[in-house]
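Structure file protein35.pdb (PDB, C-alpha atoms and all ligand atoms) follows.
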MODEL        1
ATOM      1  CA  MET A   1      30.908 -24.684 -28.081
ATOM      2  CA  LYS A   2      30.028 -21.823 -25.706
ATOM      3  CA  LYS A   3      31.020 -22.273 -22.081
ATOM      4  CA  ILE A   4      28.409 -21.398 -19.486
ATOM      5  CA  LEU A   5      28.876 -21.095 -15.749
ATOM      6  CA  LEU A   6      25.432 -21.758 -14.241
ATOM      7  CA  LEU A   7      25.381 -20.457 -10.687
ATOM      8  CA  GLY A   8      22.432 -22.155  -8.955
ATOM      9  CA  ASP A   9      21.948 -25.195 -11.206
ATOM     10  CA  THR A  10      19.765 -27.171  -8.769
ATOM     11  CA  GLY A  11      16.990 -24.628  -8.104
ATOM     12  CA  LYS A  12      13.716 -24.111  -9.981
ATOM     13  CA  LEU A  13      15.161 -21.900 -12.661
ATOM     14  CA  GLY A  14      18.571 -23.595 -12.789
ATOM     15  CA  THR A  15      16.912 -26.983 -13.357
ATOM     16  CA  ALA A  16      14.943 -25.566 -16.310
ATOM     17  CA  ILE A  17      17.996 -23.868 -17.806
ATOM     18  CA  LYS A  18      20.076 -27.059 -17.515
ATOM     19  CA  GLU A  19      17.354 -28.974 -19.361
ATOM     20  CA  VAL A  20      16.828 -26.451 -22.158
ATOM     21  CA  PHE A  21      20.562 -25.744 -22.656
ATOM     22  CA  LYS A  22      21.651 -29.400 -22.549
ATOM     23  CA  ASP A  23      22.660 -29.494 -26.233
ATOM     24  CA  GLY A  24      25.146 -27.124 -27.779
ATOM     25  CA  PHE A  25      26.604 -25.650 -24.590
ATOM     26  CA  SER A  26      29.208 -26.763 -22.110
ATOM     27  CA  ILE A  27      27.712 -26.113 -18.684
ATOM     28  CA  CYS A  28      29.534 -25.915 -15.387
ATOM     29  CA  GLY A  29      26.884 -26.012 -12.639
ATOM     30  CA  LYS A  30      27.255 -24.758  -9.072
ATOM     31  CA  ASN A  31      25.042 -25.012  -5.978
ATOM     32  CA  THR A  32      25.501 -25.198  -2.206
ATOM     33  CA  SER A  33      27.122 -28.654  -2.434
ATOM     34  CA  ASN A  34      30.101 -27.377  -4.439
ATOM     35  CA  PHE A  35      30.097 -23.580  -4.061
ATOM     36  CA  ASN A  36      29.475 -20.826  -1.537
ATOM     37  CA  ALA A  37      28.232 -17.645  -3.165
ATOM     38  CA  VAL A  38      29.023 -15.446  -0.181
ATOM     39  CA  ASP A  39      32.731 -16.312  -0.486
ATOM     40  CA  PHE A  40      33.724 -13.665  -3.026
ATOM     41  CA  ASN A  41      37.336 -14.894  -3.243
ATOM     42  CA  LEU A  42      36.053 -18.325  -4.220
ATOM     43  CA  LEU A  43      33.767 -16.678  -6.789
ATOM     44  CA  SER A  44      36.671 -14.724  -8.322
ATOM     45  CA  SER A  45      38.931 -17.758  -8.521
ATOM     46  CA  LEU A  46      36.125 -19.893  -9.997
ATOM     47  CA  ILE A  47      35.482 -17.333 -12.727
ATOM     48  CA  GLU A  48      39.159 -16.732 -13.389
ATOM     49  CA  SER A  49      39.922 -20.474 -13.481
ATOM     50  CA  ASP A  50      38.314 -20.774 -16.908
ATOM     51  CA  LYS A  51      37.173 -18.640 -19.835
ATOM     52  CA  PHE A  52      33.381 -18.574 -19.558
ATOM     53  CA  ASP A  53      31.426 -16.923 -22.382
ATOM     54  CA  ILE A  54      28.306 -16.575 -20.274
ATOM     55  CA  VAL A  55      27.692 -16.596 -16.525
ATOM     56  CA  ILE A  56      24.051 -17.251 -15.615
ATOM     57  CA  ASN A  57      23.195 -16.453 -12.028
ATOM     58  CA  THR A  58      20.063 -17.870 -10.412
ATOM     59  CA  ILE A  59      21.436 -17.803  -6.853
ATOM     60  CA  ALA A  60      19.588 -15.469  -4.518
ATOM     61  CA  PHE A  61      18.279 -15.336  -0.980
ATOM     62  CA  ILE A  62      14.580 -15.794  -1.711
ATOM     63  CA  GLY A  63      11.524 -15.711   0.528
ATOM     64  CA  ILE A  64      10.053 -12.372   1.554
ATOM     65  CA  ASP A  65       9.824 -13.219   5.257
ATOM     66  CA  GLN A  66      13.205 -14.998   5.328
ATOM     67  CA  CYS A  67      14.860 -11.848   3.959
ATOM     68  CA  GLU A  68      13.050  -9.654   6.486
ATOM     69  CA  ASN A  69      14.299 -11.914   9.305
ATOM     70  CA  ASP A  70      17.891 -12.035   8.026
ATOM     71  CA  ASN A  71      18.473  -8.784   6.206
ATOM     72  CA  LYS A  72      22.269  -9.142   6.384
ATOM     73  CA  THR A  73      22.295 -12.341   4.322
ATOM     74  CA  ALA A  74      19.698 -10.792   1.990
ATOM     75  CA  TYR A  75      21.967  -7.788   1.404
ATOM     76  CA  ILE A  76      25.064  -9.936   0.837
ATOM     77  CA  LEU A  77      23.452 -12.450  -1.536
ATOM     78  CA  ASN A  78      20.932 -10.247  -3.342
ATOM     79  CA  SER A  79      22.956  -7.012  -3.613
ATOM     80  CA  LEU A  80      26.700  -7.412  -2.974
ATOM     81  CA  TYR A  81      27.075 -10.772  -4.717
ATOM     82  CA  PRO A  82      25.503  -9.503  -7.999
ATOM     83  CA  LYS A  83      27.754  -6.424  -7.683
ATOM     84  CA  LYS A  84      30.779  -8.722  -7.522
ATOM     85  CA  LEU A  85      29.485 -10.674 -10.535
ATOM     86  CA  ALA A  86      29.031  -7.418 -12.438
ATOM     87  CA  GLU A  87      32.593  -6.290 -11.650
ATOM     88  CA  LEU A  88      33.928  -9.692 -12.721
ATOM     89  CA  SER A  89      31.910  -9.571 -15.944
ATOM     90  CA  LYS A  90      33.548  -6.275 -16.867
ATOM     91  CA  LYS A  91      37.039  -7.460 -15.935
ATOM     92  CA  ASN A  92      36.739 -10.876 -17.628
ATOM     93  CA  ASP A  93      34.479  -9.835 -20.509
ATOM     94  CA  PHE A  94      31.705 -12.390 -20.150
ATOM     95  CA  THR A  95      27.964 -11.902 -20.624
ATOM     96  CA  LEU A  96      26.191 -11.824 -17.274
ATOM     97  CA  VAL A  97      22.629 -13.131 -17.031
ATOM     98  CA  HIS A  98      20.856 -12.324 -13.785
ATOM     99  CA  PHE A  99      17.290 -12.792 -12.540
ATOM    100  CA  SER A 100      15.343 -10.234 -10.592
ATOM    101  CA  THR A 101      11.796 -10.060  -9.331
ATOM    102  CA  ASP A 102       8.393  -8.376  -9.468
ATOM    103  CA  ALA A 103       8.931  -7.688  -5.741
ATOM    104  CA  VAL A 104      10.947  -4.574  -6.682
ATOM    105  CA  PHE A 105       7.550  -2.924  -7.282
ATOM    106  CA  ASP A 106       4.914  -1.710  -4.819
ATOM    107  CA  ASN A 107       1.251  -2.675  -5.098
ATOM    108  CA  PHE A 108      -0.186   0.639  -6.132
ATOM    109  CA  LYS A 109      -0.277   0.605  -9.935
ATOM    110  CA  MET A 110      -3.127  -1.953  -9.945
ATOM    111  CA  ASP A 111      -2.035  -2.911 -13.440
ATOM    112  CA  PHE A 112       0.857  -4.752 -15.087
ATOM    113  CA  TYR A 113       4.330  -3.327 -14.338
ATOM    114  CA  ASN A 114       6.616  -2.821 -17.339
ATOM    115  CA  GLU A 115      10.294  -1.908 -17.681
ATOM    116  CA  LYS A 116       9.536   1.823 -17.541
ATOM    117  CA  ASP A 117       7.892   1.612 -14.115
ATOM    118  CA  ILE A 118      10.080   2.853 -11.290
ATOM    119  CA  PRO A 119      10.758   0.260  -8.591
ATOM    120  CA  SER A 120       9.589   1.107  -5.107
ATOM    121  CA  PRO A 121      10.179  -1.987  -2.965
ATOM    122  CA  LEU A 122       8.019  -2.696   0.058
ATOM    123  CA  ASN A 123      10.238  -5.229   1.780
ATOM    124  CA  ILE A 124      13.887  -6.261   2.292
ATOM    125  CA  TYR A 125      13.708  -8.924  -0.420
ATOM    126  CA  GLY A 126      12.510  -6.391  -3.015
ATOM    127  CA  ALA A 127      14.928  -3.702  -1.842
ATOM    128  CA  THR A 128      18.003  -5.944  -1.847
ATOM    129  CA  LYS A 129      17.102  -7.439  -5.246
ATOM    130  CA  TYR A 130      16.576  -3.929  -6.643
ATOM    131  CA  LEU A 131      19.976  -2.844  -5.362
ATOM    132  CA  GLY A 132      21.486  -5.900  -7.068
ATOM    133  CA  ASP A 133      19.859  -4.777 -10.345
ATOM    134  CA  CYS A 134      21.271  -1.255  -9.889
ATOM    135  CA  PHE A 135      24.787  -2.559  -9.230
ATOM    136  CA  ILE A 136      24.717  -4.723 -12.352
ATOM    137  CA  GLN A 137      23.490  -1.817 -14.463
ATOM    138  CA  ALA A 138      26.243   0.380 -13.015
ATOM    139  CA  TYR A 139      29.192  -2.038 -13.212
ATOM    140  CA  SER A 140      28.580  -4.484 -16.065
ATOM    141  CA  LYS A 141      28.771  -3.684 -19.751
ATOM    142  CA  LYS A 142      27.332  -6.962 -21.045
ATOM    143  CA  TYR A 143      24.347  -7.990 -18.986
ATOM    144  CA  TYR A 144      20.788  -9.221 -19.169
ATOM    145  CA  ILE A 145      18.640  -8.676 -16.100
ATOM    146  CA  PHE A 146      15.362 -10.531 -16.377
ATOM    147  CA  ARG A 147      12.663  -9.525 -13.912
ATOM    148  CA  ILE A 148      10.314 -12.460 -13.467
ATOM    149  CA  PRO A 149       7.153 -13.100 -11.419
ATOM    150  CA  ILE A 150       6.139 -16.142  -9.338
ATOM    151  CA  LEU A 151       7.400 -19.343 -10.941
ATOM    152  CA  PHE A 152       6.009 -22.815 -11.375
ATOM    153  CA  GLY A 153       8.271 -25.575 -12.630
ATOM    154  CA  PHE A 154      10.288 -28.574 -11.566
ATOM    155  CA  THR A 155      12.373 -28.556  -8.400
ATOM    156  CA  LYS A 156      13.303 -30.936  -5.621
ATOM    157  CA  LYS A 157      12.760 -28.169  -3.081
ATOM    158  CA  LYS A 158       9.468 -27.821  -1.233
ATOM    159  CA  GLU A 159       9.670 -24.257   0.093
ATOM    160  CA  GLN A 160       8.018 -22.290  -2.712
ATOM    161  CA  PHE A 161       4.278 -21.665  -3.063
ATOM    162  CA  VAL A 162       3.193 -24.384  -5.527
ATOM    163  CA  GLU A 163       5.437 -27.057  -3.976
ATOM    164  CA  LYS A 164       4.222 -26.214  -0.466
ATOM    165  CA  MET A 165       0.599 -26.628  -1.595
ATOM    166  CA  LEU A 166       1.336 -29.892  -3.441
ATOM    167  CA  LEU A 167       3.161 -31.204  -0.369
ATOM    168  CA  LYS A 168       0.101 -30.483   1.794
ATOM    169  CA  ILE A 169      -1.995 -32.478  -0.669
ATOM    170  CA  GLU A 170       0.542 -35.330  -0.777
ATOM    171  CA  ASN A 171       0.417 -35.378   3.009
ATOM    172  CA  GLY A 172      -3.327 -35.984   2.899
ATOM    173  CA  ALA A 173      -4.950 -32.529   3.114
ATOM    174  CA  LYS A 174      -8.437 -32.617   1.597
ATOM    175  CA  ILE A 175      -9.235 -28.929   2.071
ATOM    176  CA  ILE A 176      -6.739 -26.197   1.270
ATOM    177  CA  LYS A 177      -7.182 -22.462   1.729
ATOM    178  CA  VAL A 178      -5.266 -20.172  -0.604
ATOM    179  CA  ALA A 179      -5.033 -16.381  -0.757
ATOM    180  CA  ASP A 180      -7.182 -14.791  -3.432
ATOM    181  CA  ASP A 181      -5.823 -11.314  -2.667
ATOM    182  CA  ILE A 182      -2.300 -11.852  -4.032
ATOM    183  CA  ILE A 183      -2.226 -11.251  -7.772
ATOM    184  CA  SER A 184       0.713 -12.035 -10.035
ATOM    185  CA  SER A 185       1.466 -13.361 -13.495
ATOM    186  CA  PRO A 186       2.510 -16.968 -12.847
ATOM    187  CA  THR A 187       5.285 -18.072 -15.172
ATOM    188  CA  TYR A 188       6.713 -21.420 -16.228
ATOM    189  CA  SER A 189      10.433 -21.887 -15.546
ATOM    190  CA  ILE A 190      10.821 -23.890 -18.776
ATOM    191  CA  ASP A 191       9.323 -21.039 -20.846
ATOM    192  CA  ILE A 192      11.801 -18.604 -19.266
ATOM    193  CA  ALA A 193      14.703 -20.902 -20.128
ATOM    194  CA  TYR A 194      13.603 -21.029 -23.800
ATOM    195  CA  LYS A 195      13.241 -17.256 -23.844
ATOM    196  CA  LEU A 196      16.764 -16.893 -22.437
ATOM    197  CA  LEU A 197      18.057 -19.269 -25.116
ATOM    198  CA  SER A 198      16.462 -17.145 -27.817
ATOM    199  CA  PHE A 199      17.932 -13.948 -26.317
ATOM    200  CA  LEU A 200      21.413 -15.463 -26.381
ATOM    201  CA  ASN A 201      21.073 -17.049 -29.839
ATOM    202  CA  ASN A 202      19.776 -13.792 -31.330
ATOM    203  CA  ASN A 203      22.289 -11.539 -29.544
ATOM    204  CA  GLU A 204      19.478  -9.320 -28.272
ATOM    205  CA  ASN A 205      20.478  -5.909 -26.942
ATOM    206  CA  PHE A 206      21.867  -6.000 -23.444
ATOM    207  CA  GLY A 207      19.691  -4.495 -20.723
ATOM    208  CA  LEU A 208      16.846  -5.123 -18.342
ATOM    209  CA  TYR A 209      13.717  -6.967 -19.464
ATOM    210  CA  HIS A 210      10.543  -8.327 -17.941
ATOM    211  CA  ILE A 211       9.731 -11.928 -18.842
ATOM    212  CA  ALA A 212       6.366 -13.446 -17.957
ATOM    213  CA  ASN A 213       3.632 -15.671 -19.246
ATOM    214  CA  LYS A 214       0.605 -13.622 -20.361
ATOM    215  CA  GLY A 215      -2.218 -12.818 -17.965
ATOM    216  CA  SER A 216      -2.636 -12.168 -14.271
ATOM    217  CA  VAL A 217      -4.346 -14.204 -11.609
ATOM    218  CA  SER A 218      -4.565 -14.825  -7.848
ATOM    219  CA  LEU A 219      -2.661 -17.545  -5.991
ATOM    220  CA  HIS A 220      -6.028 -19.178  -5.292
ATOM    221  CA  GLU A 221      -6.803 -19.326  -9.007
ATOM    222  CA  ILE A 222      -3.366 -20.831  -9.801
ATOM    223  CA  MET A 223      -3.919 -23.695  -7.346
ATOM    224  CA  LYS A 224      -7.502 -24.163  -8.523
ATOM    225  CA  ASN A 225      -6.160 -24.696 -12.048
ATOM    226  CA  ILE A 226      -3.467 -27.102 -10.889
ATOM    227  CA  ILE A 227      -5.999 -29.152  -8.925
ATOM    228  CA  LYS A 228      -8.324 -29.252 -11.940
ATOM    229  CA  ASN A 229      -5.517 -30.219 -14.359
ATOM    230  CA  LEU A 230      -4.297 -32.961 -12.033
ATOM    231  CA  ASN A 231      -7.865 -34.243 -11.416
ATOM    232  CA  LEU A 232      -7.378 -34.042  -7.660
ATOM    233  CA  ASP A 233     -10.291 -34.402  -5.287
ATOM    234  CA  ILE A 234      -9.485 -31.369  -3.143
ATOM    235  CA  ASP A 235     -11.746 -28.664  -1.791
ATOM    236  CA  ILE A 236      -9.855 -25.441  -2.476
ATOM    237  CA  GLN A 237     -11.217 -22.438  -0.625
ATOM    238  CA  PRO A 238     -10.411 -18.735  -1.064
ATOM    239  CA  ALA A 239      -8.761 -16.942   1.836
ATOM    240  CA  SER A 240      -6.830 -13.753   2.530
ATOM    241  CA  TYR A 241      -3.056 -13.737   2.900
ATOM    242  CA  LYS A 242      -3.774 -12.043   6.238
ATOM    243  CA  ASP A 243      -5.273 -15.342   7.464
ATOM    244  CA  PHE A 244      -1.757 -16.846   7.529
ATOM    245  CA  PRO A 245       1.230 -15.709   9.603
ATOM    246  CA  PHE A 246       3.571 -13.280   7.846
ATOM    247  CA  VAL A 247       6.393 -10.927   8.747
ATOM    248  CA  ALA A 248       7.085  -8.511   5.888
ATOM    249  CA  ILE A 249       4.784  -6.303   3.831
ATOM    250  CA  LYS A 250       3.530  -8.529   1.026
ATOM    251  CA  ASN A 251       3.558  -7.895  -2.686
ATOM    252  CA  THR A 252      -0.126  -8.261  -3.448
ATOM    253  CA  TYR A 253      -0.485  -6.846  -6.955
ATOM    254  CA  THR A 254       2.621  -7.094  -9.132
ATOM    255  CA  PRO A 255       1.857  -8.820 -12.448
ATOM    256  CA  LEU A 256       4.497  -8.115 -15.100
ATOM    257  CA  ASN A 257       4.377  -7.290 -18.765
ATOM    258  CA  SER A 258       6.950  -5.916 -21.179
ATOM    259  CA  ILE A 259       7.344  -3.050 -23.575
ATOM    260  CA  LYS A 260      10.737  -4.393 -24.755
ATOM    261  CA  THR A 261      10.121  -8.032 -25.640
ATOM    262  CA  SER A 262       7.171 -10.279 -26.447
ATOM    263  CA  LEU A 263       5.423 -11.977 -23.559
ATOM    264  CA  LEU A 264       5.406 -15.758 -23.270
ATOM    265  CA  ARG A 265       2.261 -17.807 -24.013
ATOM    266  CA  HIS A 266      -0.743 -17.484 -21.673
ATOM    267  CA  TRP A 267      -0.080 -18.801 -18.146
ATOM    268  CA  GLU A 268      -3.034 -21.235 -18.385
ATOM    269  CA  ASP A 269      -1.494 -23.017 -21.400
ATOM    270  CA  ALA A 270       1.904 -23.183 -19.697
ATOM    271  CA  LEU A 271       0.367 -24.440 -16.447
ATOM    272  CA  PHE A 272      -1.501 -27.144 -18.381
ATOM    273  CA  ASP A 273       1.809 -28.394 -19.865
ATOM    274  CA  TYR A 274       3.459 -28.279 -16.440
ATOM    275  CA  CYS A 275       0.665 -30.412 -14.942
ATOM    276  CA  GLU A 276       0.746 -32.881 -17.849
ATOM    277  CA  ARG A 277       4.444 -33.405 -17.205
ATOM    278  CA  LEU A 278       3.909 -33.799 -13.471
ATOM    279  CA  LYS A 279       1.442 -36.607 -14.286
ATOM    280  CA  LYS A 280       3.529 -38.198 -17.053
ATOM    281  CA  GLU A 281       6.739 -38.265 -15.039
ATOM    282  CA  LYS A 282       4.847 -39.264 -11.884
ATOM    283  CA  LEU A 283       6.170 -36.243 -10.023
ATOM    284  CA  ILE A 284       2.922 -36.019  -8.070
TER     285      ILE A 284
HETATM  286  N1  LIG B 301      10.906 -18.793  -7.630
HETATM  287  C1  LIG B 301      10.187 -17.725  -7.873
HETATM  288  O1  LIG B 301       8.933 -17.737  -7.777
HETATM  289  C2  LIG B 301      10.867 -16.444  -8.280
HETATM  290  C3  LIG B 301      10.075 -15.313  -8.548
HETATM  291  C4  LIG B 301      10.695 -14.123  -8.941
HETATM  292  C5  LIG B 301      12.082 -14.078  -9.063
HETATM  293  N2  LIG B 301      12.830 -15.190  -8.788
HETATM  294  C6  LIG B 301      14.285 -15.090  -8.923
HETATM  295  O2  LIG B 301      14.733 -16.150  -9.743
HETATM  296  C7  LIG B 301      16.021 -16.595  -9.325
HETATM  297  C8  LIG B 301      16.028 -18.106  -9.170
HETATM  298  O3  LIG B 301      15.045 -18.510  -8.240
HETATM  299  P1  LIG B 301      14.765 -20.067  -7.999
HETATM  300  O4  LIG B 301      13.310 -20.177  -7.664
HETATM  301  O5  LIG B 301      15.334 -20.897  -9.082
HETATM  302  O6  LIG B 301      15.608 -20.314  -6.640
HETATM  303  P2  LIG B 301      15.847 -21.709  -5.913
HETATM  304  O7  LIG B 301      14.955 -22.751  -6.446
HETATM  305  O8  LIG B 301      15.819 -21.429  -4.440
HETATM  306  O9  LIG B 301      17.352 -22.089  -6.335
HETATM  307  C9  LIG B 301      18.442 -21.415  -5.828
HETATM  308  C10 LIG B 301      19.721 -22.020  -6.359
HETATM  309  O10 LIG B 301      20.823 -21.290  -5.777
HETATM  310  C11 LIG B 301      21.655 -22.188  -5.021
HETATM  311  N3  LIG B 301      22.145 -21.441  -3.851
HETATM  312  C12 LIG B 301      21.402 -20.756  -2.947
HETATM  313  N4  LIG B 301      22.205 -20.148  -2.045
HETATM  314  C13 LIG B 301      23.477 -20.473  -2.389
HETATM  315  C14 LIG B 301      24.767 -20.159  -1.855
HETATM  316  N5  LIG B 301      24.903 -19.378  -0.766
HETATM  317  N6  LIG B 301      25.868 -20.654  -2.473
HETATM  318  C15 LIG B 301      25.742 -21.463  -3.558
HETATM  319  N7  LIG B 301      24.561 -21.793  -4.120
HETATM  320  C16 LIG B 301      23.435 -21.307  -3.544
HETATM  321  C17 LIG B 301      20.765 -23.367  -4.657
HETATM  322  O11 LIG B 301      21.564 -24.484  -4.401
HETATM  323  P3  LIG B 301      21.002 -25.738  -3.488
HETATM  324  O12 LIG B 301      20.024 -26.492  -4.389
HETATM  325  O13 LIG B 301      22.225 -26.535  -3.188
HETATM  326  O14 LIG B 301      20.326 -25.132  -2.290
HETATM  327  C18 LIG B 301      19.945 -23.483  -5.956
HETATM  328  O15 LIG B 301      20.705 -24.134  -6.951
HETATM  329  C19 LIG B 301      16.359 -15.779  -8.061
HETATM  330  O16 LIG B 301      17.158 -14.695  -8.447
HETATM  331  C20 LIG B 301      15.016 -15.252  -7.596
HETATM  332  O17 LIG B 301      15.154 -14.011  -6.917
HETATM  333  C21 LIG B 301      12.253 -16.368  -8.407
ENDMDL
END

Would you write out, as structure tokens, the structure that this file holds?
Ligand SMILES: NC(=O)c1ccc[n+]([C@@H]2O[C@H](COP(=O)([O-])OP(=O)(O)OC[C@H]3O[C@@H](n4cnc5c(N)ncnc54)[C@H](OP(=O)(O)O)[C@@H]3O)[C@@H](O)[C@H]2O)c1
Amino acid sequence: MKKILLLGDTGKLGTAIKEVFKDGFSICGKNTSNFNAVDFNLLSSLIESDKFDIVINTIAFIGIDQCENDNKTAYILNSLYPKKLAELSKKNDFTLVHFSTDAVFDNFKMDFYNEKDIPSPLNIYGATKYLGDCFIQAYSKKYYIFRIPILFGFTKKKEQFVEKMLLKIENGAKIIKVADDIISSPTYSIDIAYKLLSFLNNNENFGLYHIANKGSVSLHEIMKNIIKNLNLDIDIQPASYKDFPFVAIKNTYTPLNSIKTSLLRHWEDALFDYCERLKKEKLI
């Protein structure tokens, strides 16, 4: 049975990976309750304490404004920590799986970004994540970097876009305003986890890939679909991201596609399944 070290097992992506990989793998999961990613000595001793076949990293300092406000932590967690993982992967000969972001791109293509497009980050989050990608490509021999767009999926946290909106609704909001000038390709965490499983099972070539559900859409349209699927009586109104406070330059047009691997199913089908599960498991 293959041994996996899952760094960040309690986040949105980690939760999906734990679920999809529950059979056939031995998983050692780490999060802030039992690990500190910025302690590189701890990281080295954790990795050298066992013989892991695969190390999957979902830990990052996320949040575009949070990174802008604390660029030191962003640099340590999004750039130097993946560099350390890459060095350890070479030394200890494990496969490194790492997740990157559409925020490495600017907004100017006005079309889907693929793996051949050259990153040109607009903010500290995108820049530090891009540097992390570069370090892994430079130092690791056996790696998968998956660039992914905005995620929906199951998580106990309430800080990301969909959860923040659902929390507002749970707290009684009857009208919500959502930006219709931020366009991405929303992607289901569970679909990414299955795609990762198929990459590992099929020994796909190492390298950098984009993974996304098909299609592109605004944040407003994503929430409109969720509200419709959940049969909620909410008035959802279009707005501009400029109507809300923000610090960093926003990524406003960064949908992803791929010229190296097939895209996942259409985002609307994935979002429908996500909402069905929210209802069935009474998560809303
Ligand atoms: N979410 C998105 O929309 C999105 C979009 C594009 C790319 N990505 C990328 O996808 C990856 C996963 O994102 P996610 O949404 O799953 O993140 P998440 O929900 O915030 O989960 C982060 C995970 O990392 C752990 N963690 C954070 N800081 C840590 C530290 N200093 N030491 C130890 N553990 C720490 C958290 O543990 P606790 O639960 O204990 O806090 C949690 O398990 C990231 O690389 C991100 O850049 C995400």

Nearest to Asp65 (chain A) by atom-to-atom distance, counting only C-alpha atoms, from A:Asn251, A:Thr95, A:Ser240, A:Asn36: A:Asn251

With 8 Å as the cut-off and only C-alpha atoms and all ligand atoms counted, what is the closest atom pair between each nearby residue of chain A and ligand LIG 301 (chain B)? Distances in Å to one decimal, ordered by chain and number, as CSV.
residue,atom,partner,partner_atom,distance
A:Leu7,CA,B:LIG301,O10,6.8
A:Gly8,CA,B:LIG301,O15,3.3
A:Asp9,CA,B:LIG301,O15,4.6
A:Thr10,CA,B:LIG301,O15,3.7
A:Gly11,CA,B:LIG301,O9,3.1
A:Lys12,CA,B:LIG301,O5,3.7
A:Leu13,CA,B:LIG301,O5,3.7
A:Gly14,CA,B:LIG301,O5,5.6
A:Thr15,CA,B:LIG301,O5,7.6
A:Lys30,CA,B:LIG301,N7,6.4
A:Asn31,CA,B:LIG301,N7,3.7
A:Thr32,CA,B:LIG301,O13,3.7
A:Ser33,CA,B:LIG301,O13,5.4
A:Asn34,CA,B:LIG301,C15,7.4
A:Phe35,CA,B:LIG301,C15,4.9
A:Asn36,CA,B:LIG301,N6,3.7
A:Ala37,CA,B:LIG301,N6,3.9
A:Val38,CA,B:LIG301,N5,5.7
A:Asn57,CA,B:LIG301,O16,7.2
A:Thr58,CA,B:LIG301,C8,4.2
A:Ile59,CA,B:LIG301,O10,3.7
A:Ala60,CA,B:LIG301,O16,4.7
A:Phe61,CA,B:LIG301,N4,6.3
A:Ile62,CA,B:LIG301,O17,5.5
A:Leu77,CA,B:LIG301,N5,7.1
A:Asn78,CA,B:LIG301,O16,7.8
A:His98,CA,B:LIG301,O16,6.9
A:Phe99,CA,B:LIG301,O16,4.5
A:Ser100,CA,B:LIG301,C6,5.2
A:Thr101,CA,B:LIG301,C5,4.0
A:Asp102,CA,B:LIG301,C4,6.2
A:Ala103,CA,B:LIG301,C4,7.4
A:Lys129,CA,B:LIG301,O17,7.1
A:Arg147,CA,B:LIG301,C5,6.7
A:Ile148,CA,B:LIG301,C4,4.8
A:Pro149,CA,B:LIG301,C4,4.4
A:Ile150,CA,B:LIG301,O1,3.6
A:Leu151,CA,B:LIG301,O1,3.9
A:Phe152,CA,B:LIG301,O1,6.9
A:Thr155,CA,B:LIG301,O7,6.6
A:Lys157,CA,B:LIG301,O7,6.7
A:Gln160,CA,B:LIG301,N1,6.7
A:Phe161,CA,B:LIG301,O1,7.7

Name the residues that the PyMOL selection byres (((chain A and resi 211) around 9) and not hetatm) picks from the file above, as a PDB file with C-alpha atoms, keeping the file's coordinate frame, using the file's chain letters and numbers.
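expr_18.pdb written:
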ATOM      1  CA  PHE A 146      15.362 -10.531 -16.377  1.00  0.00           C
ATOM      2  CA  ARG A 147      12.663  -9.525 -13.912  1.00  0.00           C
ATOM      3  CA  ILE A 148      10.314 -12.460 -13.467  1.00  0.00           C
ATOM      4  CA  PRO A 149       7.153 -13.100 -11.419  1.00  0.00           C
ATOM      5  CA  THR A 187       5.285 -18.072 -15.172  1.00  0.00           C
ATOM      6  CA  ILE A 192      11.801 -18.604 -19.266  1.00  0.00           C
ATOM      7  CA  LYS A 195      13.241 -17.256 -23.844  1.00  0.00           C
ATOM      8  CA  TYR A 209      13.717  -6.967 -19.464  1.00  0.00           C
ATOM      9  CA  HIS A 210      10.543  -8.327 -17.941  1.00  0.00           C
ATOM     10  CA  ALA A 212       6.366 -13.446 -17.957  1.00  0.00           C
ATOM     11  CA  ASN A 213       3.632 -15.671 -19.246  1.00  0.00           C
ATOM     12  CA  LEU A 256       4.497  -8.115 -15.100  1.00  0.00           C
ATOM     13  CA  ASN A 257       4.377  -7.290 -18.765  1.00  0.00           C
ATOM     14  CA  SER A 258       6.950  -5.916 -21.179  1.00  0.00           C
ATOM     15  CA  THR A 261      10.121  -8.032 -25.640  1.00  0.00           C
ATOM     16  CA  SER A 262       7.171 -10.279 -26.447  1.00  0.00           C
ATOM     17  CA  LEU A 263       5.423 -11.977 -23.559  1.00  0.00           C
ATOM     18  CA  LEU A 264       5.406 -15.758 -23.270  1.00  0.00           C
TER      19      LEU A 264
END

10 Å contact set for region 45-51 of chain A, all atoms listed in the file, chain neighbours under 3 positions out, as a count of residues only: 17

Residues in the PyMOL selection byres (((chain A and resi 20) around 9) and not hetatm), expressed as a list in words: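 So the PyMOL selection byres (((chain A and resi 20) around 9) and not hetatm), applied here, picks out Thr15, Ala16, Ile17, Lys18, Glu19, Phe21, Lys22, Asp23, Ile190, Ala193, Tyr194 and Leu197 of chain A.
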
Selected residue, from A:Lys84, A:Gly172, A:Leu167, A:Val104, that lies nearest to Ser44 (chain A) when counting only C-alpha atoms: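 Looking only at the distances to Ser44 (chain A), the closest residue turns out to be A:Lys84.
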
Residue nearest Phe25 (chain A) - candidates A:Lys72, A:Lys282, A:Asn225, A:Leu200, atoms counted: all atoms listed in the file: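 Under the stated criterion, the closest residue is A:Leu200.
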
Ser184 (chain A) environment, 7 Å, only C-alpha atoms, sequence neighbours closer than 2 positions dropped, as number ranges by chain: A: 149-150, 182, 186, 216-218, 253-255

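Counting all atoms listed in the file and comparing A:Asn71, A:Asn171, A:Asn231, A:Asn205, the residue that lies closest to Tyr143 (chain A) is A:Asn205.
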
Expansion of the PyMOL selection byres (((chain A and resi 136) around 9) and not hetatm) into residues, as a ChimeraX atom specification: /A:82-87,96,98,131-135,137-141,143,145

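For the pair CA of Leu196 (chain A) and CA of Asp53 (chain A), the interatomic distance is 14.7 Å.
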
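The nearest approach to Leu208 (chain A) among the residues A:Cys67, A:Met1, A:Ile259, A:Leu283, with all atoms listed in the file taken into account, belongs to A:Ile259.
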